[in-house]
Amino acid sequence: MSTGQMVFTIIAFIFIFTILTNFYSLMATTGDGLKSSQDAILETSVASSWIDFAMGLSFDKATVDTNLRYKSTTPLTAAASLGLEADDTTSDPGSWDDFDDFNGKTLDKSVGMPGDTTAPIFTTNFAVYYVDPANINTYSGSKTFLKRMDLKVWRTKPAPRTGERLDTLKTSVTMGYFKFGVQ
């Protein structure tokens, strides 16, 4: 092999190496983007499932066992007392009976099959409070017939890799108490 052919072969190898390096770098970046998108979809699913569960509960402890049509907010839980009541003795959401029992709680949810120890786990932080009926983005320090739940959801397992950015999904839902026929 002559010197010219050797130089040409070396240049060809450098060229192929450069192309392959860029290709695999692009593939790694695409994989990270797909993982981030998958996490966002799972965060949305977790938030939706918690919202659906909470919306199926009673508006307030005072409305759990009654069909009363309240004209005033007096029987409702005080704004400072939203959360688990004294008779809610468990931290299992399946035993909770009203919307504001979520207040101040942080709950984990696995998104895999039961018993799958490798399944991702997402953590959700909840805040529930009364809101101003004229503007549901405004907190109310007093009782109203509207409660808002803010949720923050993020992946906690598997732990983020070095340099991996984890996004936090933030969403909210408002629940109202309304009964027909109130005079």
# chains A, B, ... in the order shown; residues from 1 in each chain; ligands from 1
call {"tool": "select_by_dssp", "arguments": {"residues": "region 52-110 of chain A", "states": "strand (DSSP E or B)", "output": "list in words"}}
result
Ser58, Asp98, Thr106, Leu107, Asp108, Lys109 and Ser110 of chain A
call {"tool": "select_by_dssp", "arguments": {"residues": "region 33-72 of chain A", "states": "alpha helix (DSSP H)", "output": "MDAnalysis selection string"}}
result
chainID A and resid 33:55
call {"tool": "atom_distance", "arguments": {"atom1": "CA of Pro133 (chain A)", "atom2": "CA of Thr44 (chain A)"}}
result
26.6 Å
call {"tool": "residues_around", "arguments": {"residues": "Ala54 (chain A)", "least_positions_apart": "4", "cutoff": "8 Å", "atoms": "only C-alpha atoms", "output": "list of chain:residue names"}}
result
A:Trp50, A:Asp98, A:Phe99
call {"tool": "closest_residue", "arguments": {"among": "A:Asp167, A:Asp97, A:Glu85, A:Asp39", "to": "Thr63 (chain A)", "atoms": "only C-alpha atoms"}}
result
A:Asp97
